[in-house]
Amino acid sequence: MGHTEQPDLAHRLRTPLAVIVGYIEILALRDHDGENAEILEHLREAAADLGAEIDAVVAADSASPSIHAGNVSRGSAP
């Protein structure tokens, strides 16, 4: 993936996650019984884990050299 595509990838992955996290936080403002509170905590943990995975994918992508039309657009020369 090219250098110019990386910010788009980050945006496409992080935006839906931000919406999910926002809804989790809205739900957390309400009173919940034990089971629902536990479900919300699992959702928070899963969203945090997914965010970490997205960060790792985006970081790995930005560190990888990309070759377009025979030119190396990122990375070090061999």
# chains A, B, ... in the order shown; residues from 1 in each chain; ligands from 1
>>> residues_around(residues="Glu53 of chain A", least_positions_apart="4", cutoff="12 Å", atoms="only C-alpha atoms", output="PyMOL selection string")
chain A and resi 10+13-14+17+46-49+57-60
